[in-house]
Amino acid sequence: MAEFLIKGGTVVDGTLAPAYPADVRVSGERIVEIGSDLAPRPDEQVVDASGCYVTPGFIETHTHFDATMWWQNDLNPLPGYGATTIVMGNCGFSAAPISDDTKVRDEIVGIFAFFEDIDKEAFVNELPWDWRKWSEYKASMTSRIKLPLNYAAFVGHIAIRLAVMGLDAWTRAATDEEIERMCELLDDACKAGALGLSTNQLDFDGDERPVPTFAAEDKEYRALFEVLERHPGTLCQVVMDTFIRLTCPDALARFARLTEGLDVRVQWGGMPTLDFQKPILENLKAQHEKLKADGRDFWTAYTHVSPTNTLSLTKSLIFAQSGDFVWHEVVTADSWEEKERLLADPEWRARARESWDTKAWDHAPMNNPDRLLLRNSDNGVGPMNLTLVDYMKMTGIEHRSDAMADWILRNGVKSTVHMAPFPMNEEVIIELIRDPKSAGNVSDAGAHAQMFCGPGENMLLFTYYVRQGKITIEEAVHVQTGKLAEHFNLQGRGVLAVGNPADITVFNIDEIERREERKIFDTPDGMGGVTWRYTRDPAPMRLTLVNGTPTFDPSGATGTRPGEFLSPAPEFQYAQAAE
């Protein structure tokens with residue numbers, strides 16, 4: 001068993017209790033002692049934590065490693081950012097349950113691949129698909145996958161609907177018999193340790209179809225919620241539209257009504273933190289406060305970072321999600337040559353101009369050319385690091401769509417164009433950090449590799465919000481440790497206390513940064529080759545322990561895989577933290 005004495009640090013235990021100087025002793029997988037001036041033992045490795053905070057490992061609230069973990073099981077760069085647990089199966093997307101019909105299974109893959117920019121061929125070929133029910137999926141996952149982080153997962157409502165209804169799941173309400181079968185599949189997942197049910201009231205696919213959960217009637221949702229109530233500790237996550245059609249206020253009111261009288265926790269996504277979302281902010285704030293006042297167990301998810309938009313022709317949902325299906329034709333073209341042909345075709349260019357002018361959302365990238373950065377050239381021709389507006393002035397090209405097509409043809413169809421982050425509503429973010437019914441550190445890690453969602457964004461809570469004096473170190477730690485462990489009912493996680501699993505991170509706040517993005521070429525491109533994704537160098541942590549095993553130390557990522565599957569506890573209680 002590994003034996004560690006983390007000595008001389010300042011403990012921030014994850015409960016919002018004031019930080020205090022203490023040593024932390026780890027034996028095997030557990031924290032066995034926390035105290036002052038603990039004497040080293042002969043068999044211990046002493047970790048010098050002078051000048052460092054010693055905290056629980058960080059929990060990544062919202063990830064999509066469900067597919068990519070099968071071929072990228074190092075979860076790079078999360079260990080270097082102190083993460084020790086990931087939550088998967090979000091947004092109604094999960095790899096189980098599945099139908100016997102491979103065409104229906106492929107619908108799940110296609111939905112997942114489109115919305116999360118994950119290669120469909122790799123998804124089909126790298127997963128064993130030796131399951132039908134979620135319990136069988138869990139058994140396969142836990143026996144075949146070894147990860148450096150702990151992992152917990154929802155079962156997706158979209159997957160459940162497709163498994164029961166086949167392709168009809170897209171278009172119609174379920175019968176009573178089908179609802180009963182859905183409930184059986186959800187019950188199977190909850191018994192096997194799923195966090196609960198994730199569902200989706202946000203997304204439309206590349207053919208402008210609402211995802212299958214939009215077809216679910218109230219009685220279907222109510223029946224599924226009643227299953228959750230029979231499994232204490234589980235919850236329902238529902239993603240709602242605060243970004244495109246801004247329908248979240250009506251959706252939140254509906255789910256509050258549908259769970260009336262049930263003891264079911266709901267995580268709704270979520271309170272908007274971007275400036276352009278202000279038209280719906282006050283309504284959602286009012287509903288959120290009323291739900292709290294009424295004693296309802298509703299938690300709002302939120303992000304403290306602006307979503308990244310990368311316009312890629314390799315695979316990207318941005319065009320379709322912005323209402324622009326003409327450029328989306330280029331994304332779905334099945335060869336690089338066809339992509340080039342379309343970009344140069346006068347008829348296509350005319351349709352593309354009209355699409356950008358009349359179809360795309362006002363806040364979409366294509367309607368903000370002054371914030372579109374020509375940043376990533378595949379062949380280096382350039383020019384680079386100027387805006388699309390600058391390029392239009394330089395070349396005399398009058399329309400922004402023509403200008404982007406021209407630049408991509410010059411620089412290669414594997415080039416990408418990047419949109420500057422949306423302005424954030426910082427006041428709301430700070431309110432949510434302190435809100436007792438909020439779930440932060442939402443990242444989308446594991447998806448959108450060329451947008452680079454997620455890994456390392458948690459450092460901003462320290463490098464910006466703490467350093468600028470906007471929140472305390474205790475708050476920054478709490479919102480990504482103890483608070484999330486309580487939200488997901490992950491007993492023993494998220495708090496530094498004797499007897500708890502040794503998920504621990506040690507860092508010096510003056511050393512860490514959210515490092516700049518860099519490209520690595522290790523990602524399936526969907527055309528038989530390899531393309532690039534973004535990663536970043538470690539923050540770094542001085543030490544990350546998962547179940548007492550180092551996953552990151554001063555030499556870098558250790559390559560160990562000590563992560564365990566985590567199930568929610570029926571009755572969550574904090575362990576007694578040290579005084």
# chains A, B, ... in the order shown; residues from 1 in each chain; ligands from 1
$ residues_around --residues "Glu184 of chain A" --least-positions-apart "4" --cutoff "12 Å" --atoms "only C-alpha atoms" --output "PyMOL selection string"
chain A and resi 97+133-135+160-161+163-164+177-180+188-191+223-224+226-228
$ residues_around --residues "Ile145 of chain A" --least-positions-apart "2" --cutoff "10 Å" --atoms "only C-alpha atoms" --output "number ranges by chain"
A: 69-71, 73, 140-143, 147, 561, 563-564
$ write_last_selection --atoms "N, CA and C atoms" --output "compact mmCIF listing (two decimals), in the first residue's frame"
# COMPACT_ATOMS: atom_id res chain seq x y z
N MET A 69 -13.14 7.92 -23.81
CA MET A 69 -12.33 7.22 -22.81
C MET A 69 -11.93 5.83 -23.28
N TRP A 70 -12.64 5.27 -24.26
CA TRP A 70 -12.30 3.93 -24.74
C TRP A 70 -11.02 3.94 -25.56
N TRP A 71 -10.68 5.08 -26.18
CA TRP A 71 -9.44 5.12 -26.95
C TRP A 71 -8.46 6.20 -26.46
N ASN A 73 -7.65 6.88 -22.84
CA ASN A 73 -7.95 6.64 -21.44
C ASN A 73 -7.01 7.34 -20.47
N SER A 140 -19.35 -4.02 -18.48
CA SER A 140 -18.32 -4.01 -19.52
C SER A 140 -17.33 -2.87 -19.28
N MET A 141 -17.86 -1.71 -18.96
CA MET A 141 -17.02 -0.53 -18.75
C MET A 141 -16.06 -0.74 -17.59
N THR A 142 -16.56 -1.23 -16.48
CA THR A 142 -15.72 -1.37 -15.30
C THR A 142 -14.69 -2.50 -15.45
N SER A 143 -14.97 -3.49 -16.29
CA SER A 143 -14.01 -4.58 -16.48
C SER A 143 -12.98 -4.26 -17.56
N LEU A 147 -9.04 3.99 -15.77
CA LEU A 147 -8.89 5.43 -15.93
C LEU A 147 -8.08 6.01 -14.77
N ARG A 561 -3.69 4.17 -13.28
CA ARG A 561 -5.13 4.13 -13.57
C ARG A 561 -5.89 3.65 -12.34
N GLY A 563 -8.63 4.95 -10.96
CA GLY A 563 -10.01 5.41 -10.87
C GLY A 563 -10.99 4.28 -10.65
N GLU A 564 -12.06 4.57 -9.94
CA GLU A 564 -13.11 3.60 -9.64
C GLU A 564 -14.46 4.14 -10.11
$ closest_residue --among "A:Pro562, A:Gly156, A:Gly456, A:Gly446" --to "Pro212 of chain A" --atoms "only C-alpha atoms"
A:Gly156
$ select_by_dssp --residues "segment 86-210 of chain A" --states "strand (DSSP E)" --output "number ranges by chain"
A: 86-88, 150-153, 155-156, 196-201
$ atom_distance --atom1 "atom CA of Lys285 of chain A" --atom2 "atom CA of Gly494 of chain A"
27.5 Å
$ closest_atom_pairs --of "segment 89-145 of chain A" --to "segment 196-208 of chain A" --cutoff "8 Å" --atoms "only C-alpha atoms" --output "tab-separated table"
residue	atom	partner	partner_atom	distance
A:Gly89	CA	A:Ser198	CA	7.0
A:Asn90	CA	A:Ser198	CA	5.7
A:Cys91	CA	A:Asn200	CA	5.4
A:Gly92	CA	A:Thr199	CA	4.0
A:Phe93	CA	A:Ser198	CA	7.5
A:Ile111	CA	A:Asp205	CA	7.3
A:Phe114	CA	A:Asp205	CA	7.3
A:Phe115	CA	A:Asp205	CA	7.4
$ select_by_dssp --residues "segment 173-219 of chain A" --states "helix (DSSP H, G or I)" --output "list of chain:residue names"
A:Asp176, A:Glu177, A:Glu178, A:Ile179, A:Glu180, A:Arg181, A:Met182, A:Cys183, A:Glu184, A:Leu185, A:Leu186, A:Asp187, A:Asp188, A:Ala189, A:Cys190, A:Lys191, A:Pro212, A:Thr213, A:Phe214, A:Ala215, A:Asp218, A:Lys219
$ closest_atom_pairs --of "segment 48-100 of chain A" --to "segment 303-310 of chain A" --cutoff "12 Å" --atoms "only C-alpha atoms" --output "Markdown table"
| residue | atom | partner | partner_atom | distance |
| --- | --- | --- | --- | --- |
| A:Glu60 | CA | A:Thr303 | CA | 11.5 |
| A:Thr61 | CA | A:Thr303 | CA | 10.1 |
| A:His62 | CA | A:Thr303 | CA | 10.0 |
$ write_last_selection --atoms "N, CA and C atoms" --output "mmCIF file, in the first residue's frame"
data_model
loop_
_atom_site.group_PDB
_atom_site.id
_atom_site.type_symbol
_atom_site.label_atom_id
_atom_site.label_comp_id
_atom_site.auth_asym_id
_atom_site.auth_seq_id
_atom_site.Cartn_x
_atom_site.Cartn_y
_atom_site.Cartn_z
ATOM 1 N N GLU A 60 -15.293 17.032 -11.962
ATOM 2 C CA GLU A 60 -15.731 17.608 -13.237
ATOM 3 C C GLU A 60 -17.209 17.266 -13.417
ATOM 4 N N THR A 61 -18.064 18.270 -13.281
ATOM 5 C CA THR A 61 -19.511 18.086 -13.184
ATOM 6 C C THR A 61 -20.155 17.522 -14.435
ATOM 7 N N HIS A 62 -19.642 17.921 -15.591
ATOM 8 C CA HIS A 62 -20.372 17.670 -16.837
ATOM 9 C C HIS A 62 -19.354 17.369 -17.933
#
$ atom_distance --atom1 "atom CA of Met459 of chain A" --atom2 "atom CA of Thr55 of chain A"
13.5 Å
$ closest_residue --among "A:Leu262, A:Met182, A:Leu78, A:Ala293" --to "Arg230 of chain A" --atoms "only C-alpha atoms"
A:Leu262
$ residues_around --residues "Asn547 of chain A" --least-positions-apart "3" --cutoff "7 Å" --atoms "only C-alpha atoms" --output "VMD selection string"
chain A and resid 29 to 30 501 to 503 562
$ write_last_selection --atoms "C-alpha atoms" --output "short mmCIF file (atom, residue, chain, number, x, y, z; two decimals), in the first residue's frame"
data_model
loop_
_atom_site.label_atom_id
_atom_site.label_comp_id
_atom_site.auth_asym_id
_atom_site.auth_seq_id
_atom_site.Cartn_x
_atom_site.Cartn_y
_atom_site.Cartn_z
CA GLU A 29 -6.65 4.31 -0.40
CA ARG A 30 -7.67 6.30 2.69
CA PRO A 501 -10.92 8.03 0.15
CA ALA A 502 -7.66 9.82 -0.55
CA ASP A 503 -8.71 11.94 -3.52
CA PRO A 562 -6.57 4.00 -10.03
#
$ decode --residues "segment 258-307 of chain A" --atoms "N, CA and C atoms" --output "PDB file, in the first residue's frame"
ATOM      1  N   LEU A 258     -43.930  18.867 -13.229  1.00  0.00           N
ATOM      2  CA  LEU A 258     -43.919  17.415 -13.393  1.00  0.00           C
ATOM      3  C   LEU A 258     -43.347  16.683 -12.180  1.00  0.00           C
ATOM      4  N   THR A 259     -42.538  17.346 -11.384  1.00  0.00           N
ATOM      5  CA  THR A 259     -41.955  16.705 -10.195  1.00  0.00           C
ATOM      6  C   THR A 259     -42.670  17.105  -8.911  1.00  0.00           C
ATOM      7  N   GLU A 260     -43.754  17.827  -9.027  1.00  0.00           N
ATOM      8  CA  GLU A 260     -44.515  18.255  -7.849  1.00  0.00           C
ATOM      9  C   GLU A 260     -44.904  17.037  -7.016  1.00  0.00           C
ATOM     10  N   GLY A 261     -44.609  17.102  -5.719  1.00  0.00           N
ATOM     11  CA  GLY A 261     -44.977  16.032  -4.807  1.00  0.00           C
ATOM     12  C   GLY A 261     -44.031  14.848  -4.785  1.00  0.00           C
ATOM     13  N   LEU A 262     -42.999  14.871  -5.603  1.00  0.00           N
ATOM     14  CA  LEU A 262     -42.026  13.781  -5.641  1.00  0.00           C
ATOM     15  C   LEU A 262     -40.730  14.210  -4.959  1.00  0.00           C
ATOM     16  N   ASP A 263     -40.102  13.275  -4.296  1.00  0.00           N
ATOM     17  CA  ASP A 263     -38.804  13.531  -3.660  1.00  0.00           C
ATOM     18  C   ASP A 263     -37.709  13.176  -4.661  1.00  0.00           C
ATOM     19  N   VAL A 264     -37.493  14.069  -5.623  1.00  0.00           N
ATOM     20  CA  VAL A 264     -36.525  13.851  -6.696  1.00  0.00           C
ATOM     21  C   VAL A 264     -35.682  15.116  -6.848  1.00  0.00           C
ATOM     22  N   ARG A 265     -34.384  14.945  -6.839  1.00  0.00           N
ATOM     23  CA  ARG A 265     -33.483  16.081  -7.087  1.00  0.00           C
ATOM     24  C   ARG A 265     -33.383  16.308  -8.587  1.00  0.00           C
ATOM     25  N   VAL A 266     -33.432  17.580  -8.978  1.00  0.00           N
ATOM     26  CA  VAL A 266     -33.330  17.958 -10.384  1.00  0.00           C
ATOM     27  C   VAL A 266     -32.172  18.937 -10.542  1.00  0.00           C
ATOM     28  N   GLN A 267     -31.296  18.611 -11.476  1.00  0.00           N
ATOM     29  CA  GLN A 267     -30.263  19.567 -11.906  1.00  0.00           C
ATOM     30  C   GLN A 267     -30.688  20.107 -13.264  1.00  0.00           C
ATOM     31  N   TRP A 268     -30.978  21.394 -13.304  1.00  0.00           N
ATOM     32  CA  TRP A 268     -31.402  21.969 -14.568  1.00  0.00           C
ATOM     33  C   TRP A 268     -30.283  22.863 -15.104  1.00  0.00           C
ATOM     34  N   GLY A 269     -30.127  22.840 -16.414  1.00  0.00           N
ATOM     35  CA  GLY A 269     -29.037  23.601 -17.020  1.00  0.00           C
ATOM     36  C   GLY A 269     -29.564  24.625 -18.008  1.00  0.00           C
ATOM     37  N   GLY A 270     -29.307  25.802 -17.609  1.00  0.00           N
ATOM     38  CA  GLY A 270     -28.983  26.269 -16.285  1.00  0.00           C
ATOM     39  C   GLY A 270     -29.070  27.763 -16.297  1.00  0.00           C
ATOM     40  N   MET A 271     -28.741  28.333 -15.141  1.00  0.00           N
ATOM     41  CA  MET A 271     -28.787  29.788 -15.007  1.00  0.00           C
ATOM     42  C   MET A 271     -27.791  30.425 -15.980  1.00  0.00           C
ATOM     43  N   PRO A 272     -28.246  31.333 -16.848  1.00  0.00           N
ATOM     44  CA  PRO A 272     -27.348  31.890 -17.871  1.00  0.00           C
ATOM     45  C   PRO A 272     -26.312  32.848 -17.278  1.00  0.00           C
ATOM     46  N   THR A 273     -25.091  32.747 -17.791  1.00  0.00           N
ATOM     47  CA  THR A 273     -23.995  33.594 -17.297  1.00  0.00           C
ATOM     48  C   THR A 273     -23.349  34.418 -18.408  1.00  0.00           C
ATOM     49  N   LEU A 274     -23.976  34.449 -19.594  1.00  0.00           N
ATOM     50  CA  LEU A 274     -23.457  35.234 -20.707  1.00  0.00           C
ATOM     51  C   LEU A 274     -24.317  36.473 -20.902  1.00  0.00           C
ATOM     52  N   ASP A 275     -23.691  37.547 -21.370  1.00  0.00           N
ATOM     53  CA  ASP A 275     -24.418  38.808 -21.507  1.00  0.00           C
ATOM     54  C   ASP A 275     -25.605  38.704 -22.457  1.00  0.00           C
ATOM     55  N   PHE A 276     -25.460  37.969 -23.575  1.00  0.00           N
ATOM     56  CA  PHE A 276     -26.550  37.954 -24.550  1.00  0.00           C
ATOM     57  C   PHE A 276     -27.768  37.180 -24.038  1.00  0.00           C
ATOM     58  N   GLN A 277     -27.614  36.439 -22.930  1.00  0.00           N
ATOM     59  CA  GLN A 277     -28.732  35.671 -22.375  1.00  0.00           C
ATOM     60  C   GLN A 277     -29.578  36.487 -21.395  1.00  0.00           C
ATOM     61  N   LYS A 278     -29.271  37.746 -21.208  1.00  0.00           N
ATOM     62  CA  LYS A 278     -29.967  38.561 -20.213  1.00  0.00           C
ATOM     63  C   LYS A 278     -31.483  38.635 -20.398  1.00  0.00           C
ATOM     64  N   PRO A 279     -32.012  38.530 -21.635  1.00  0.00           N
ATOM     65  CA  PRO A 279     -33.480  38.599 -21.766  1.00  0.00           C
ATOM     66  C   PRO A 279     -34.238  37.554 -20.958  1.00  0.00           C
ATOM     67  N   ILE A 280     -33.626  36.404 -20.665  1.00  0.00           N
ATOM     68  CA  ILE A 280     -34.338  35.373 -19.895  1.00  0.00           C
ATOM     69  C   ILE A 280     -33.816  35.263 -18.462  1.00  0.00           C
ATOM     70  N   LEU A 281     -32.842  36.071 -18.102  1.00  0.00           N
ATOM     71  CA  LEU A 281     -32.189  35.912 -16.804  1.00  0.00           C
ATOM     72  C   LEU A 281     -33.139  36.177 -15.639  1.00  0.00           C
ATOM     73  N   GLU A 282     -33.886  37.262 -15.675  1.00  0.00           N
ATOM     74  CA  GLU A 282     -34.716  37.617 -14.526  1.00  0.00           C
ATOM     75  C   GLU A 282     -35.825  36.597 -14.303  1.00  0.00           C
ATOM     76  N   ASN A 283     -36.406  36.095 -15.385  1.00  0.00           N
ATOM     77  CA  ASN A 283     -37.420  35.060 -15.244  1.00  0.00           C
ATOM     78  C   ASN A 283     -36.847  33.830 -14.555  1.00  0.00           C
ATOM     79  N   LEU A 284     -35.675  33.391 -14.988  1.00  0.00           N
ATOM     80  CA  LEU A 284     -35.067  32.197 -14.409  1.00  0.00           C
ATOM     81  C   LEU A 284     -34.626  32.433 -12.973  1.00  0.00           C
ATOM     82  N   LYS A 285     -34.127  33.611 -12.681  1.00  0.00           N
ATOM     83  CA  LYS A 285     -33.777  33.936 -11.295  1.00  0.00           C
ATOM     84  C   LYS A 285     -35.008  33.841 -10.396  1.00  0.00           C
ATOM     85  N   ALA A 286     -36.122  34.399 -10.875  1.00  0.00           N
ATOM     86  CA  ALA A 286     -37.342  34.383 -10.072  1.00  0.00           C
ATOM     87  C   ALA A 286     -37.824  32.945  -9.845  1.00  0.00           C
ATOM     88  N   GLN A 287     -37.802  32.133 -10.891  1.00  0.00           N
ATOM     89  CA  GLN A 287     -38.214  30.735 -10.719  1.00  0.00           C
ATOM     90  C   GLN A 287     -37.276  29.994  -9.774  1.00  0.00           C
ATOM     91  N   HIS A 288     -35.978  30.240  -9.915  1.00  0.00           N
ATOM     92  CA  HIS A 288     -34.988  29.573  -9.065  1.00  0.00           C
ATOM     93  C   HIS A 288     -35.211  29.924  -7.597  1.00  0.00           C
ATOM     94  N   GLU A 289     -35.439  31.199  -7.314  1.00  0.00           N
ATOM     95  CA  GLU A 289     -35.637  31.626  -5.924  1.00  0.00           C
ATOM     96  C   GLU A 289     -36.942  31.054  -5.366  1.00  0.00           C
ATOM     97  N   LYS A 290     -37.976  30.984  -6.194  1.00  0.00           N
ATOM     98  CA  LYS A 290     -39.235  30.413  -5.715  1.00  0.00           C
ATOM     99  C   LYS A 290     -39.085  28.917  -5.416  1.00  0.00           C
ATOM    100  N   LEU A 291     -38.383  28.211  -6.270  1.00  0.00           N
ATOM    101  CA  LEU A 291     -38.162  26.792  -6.024  1.00  0.00           C
ATOM    102  C   LEU A 291     -37.420  26.574  -4.711  1.00  0.00           C
ATOM    103  N   LYS A 292     -36.434  27.393  -4.441  1.00  0.00           N
ATOM    104  CA  LYS A 292     -35.711  27.292  -3.175  1.00  0.00           C
ATOM    105  C   LYS A 292     -36.630  27.625  -1.998  1.00  0.00           C
ATOM    106  N   ALA A 293     -37.390  28.690  -2.132  1.00  0.00           N
ATOM    107  CA  ALA A 293     -38.285  29.098  -1.046  1.00  0.00           C
ATOM    108  C   ALA A 293     -39.340  28.038  -0.757  1.00  0.00           C
ATOM    109  N   ASP A 294     -39.742  27.315  -1.801  1.00  0.00           N
ATOM    110  CA  ASP A 294     -40.744  26.256  -1.631  1.00  0.00           C
ATOM    111  C   ASP A 294     -40.140  24.944  -1.142  1.00  0.00           C
ATOM    112  N   GLY A 295     -38.835  24.945  -0.921  1.00  0.00           N
ATOM    113  CA  GLY A 295     -38.180  23.733  -0.437  1.00  0.00           C
ATOM    114  C   GLY A 295     -37.970  22.675  -1.493  1.00  0.00           C
ATOM    115  N   ARG A 296     -38.036  23.059  -2.771  1.00  0.00           N
ATOM    116  CA  ARG A 296     -37.856  22.097  -3.854  1.00  0.00           C
ATOM    117  C   ARG A 296     -36.375  21.801  -4.053  1.00  0.00           C
ATOM    118  N   ASP A 297     -36.062  20.572  -4.408  1.00  0.00           N
ATOM    119  CA  ASP A 297     -34.668  20.139  -4.540  1.00  0.00           C
ATOM    120  C   ASP A 297     -34.200  20.340  -5.984  1.00  0.00           C
ATOM    121  N   PHE A 298     -34.207  21.594  -6.419  1.00  0.00           N
ATOM    122  CA  PHE A 298     -33.791  21.976  -7.767  1.00  0.00           C
ATOM    123  C   PHE A 298     -32.458  22.711  -7.672  1.00  0.00           C
ATOM    124  N   TRP A 299     -31.460  22.225  -8.411  1.00  0.00           N
ATOM    125  CA  TRP A 299     -30.139  22.836  -8.459  1.00  0.00           C
ATOM    126  C   TRP A 299     -29.893  23.330  -9.876  1.00  0.00           C
ATOM    127  N   THR A 300     -29.443  24.561 -10.011  1.00  0.00           N
ATOM    128  CA  THR A 300     -29.114  25.055 -11.333  1.00  0.00           C
ATOM    129  C   THR A 300     -27.654  24.786 -11.646  1.00  0.00           C
ATOM    130  N   ALA A 301     -27.395  24.212 -12.811  1.00  0.00           N
ATOM    131  CA  ALA A 301     -26.029  24.117 -13.302  1.00  0.00           C
ATOM    132  C   ALA A 301     -25.643  25.469 -13.907  1.00  0.00           C
ATOM    133  N   TYR A 302     -24.347  25.726 -13.987  1.00  0.00           N
ATOM    134  CA  TYR A 302     -23.871  26.970 -14.599  1.00  0.00           C
ATOM    135  C   TYR A 302     -22.407  26.793 -14.969  1.00  0.00           C
ATOM    136  N   THR A 303     -21.951  27.651 -15.847  1.00  0.00           N
ATOM    137  CA  THR A 303     -20.543  27.647 -16.233  1.00  0.00           C
ATOM    138  C   THR A 303     -19.910  28.985 -15.881  1.00  0.00           C
ATOM    139  N   HIS A 304     -18.660  28.921 -15.413  1.00  0.00           N
ATOM    140  CA  HIS A 304     -17.937  30.163 -15.096  1.00  0.00           C
ATOM    141  C   HIS A 304     -17.023  30.583 -16.243  1.00  0.00           C
ATOM    142  N   VAL A 305     -17.094  29.870 -17.374  1.00  0.00           N
ATOM    143  CA  VAL A 305     -16.299  30.229 -18.553  1.00  0.00           C
ATOM    144  C   VAL A 305     -17.229  30.323 -19.753  1.00  0.00           C
ATOM    145  N   SER A 306     -16.832  31.127 -20.724  1.00  0.00           N
ATOM    146  CA  SER A 306     -17.629  31.276 -21.932  1.00  0.00           C
ATOM    147  C   SER A 306     -17.434  30.067 -22.835  1.00  0.00           C
ATOM    148  N   PRO A 307     -18.528  29.543 -23.428  1.00  0.00           N
ATOM    149  CA  PRO A 307     -18.372  28.451 -24.391  1.00  0.00           C
ATOM    150  C   PRO A 307     -17.471  28.878 -25.547  1.00  0.00           C
TER     151      PRO A 307
END
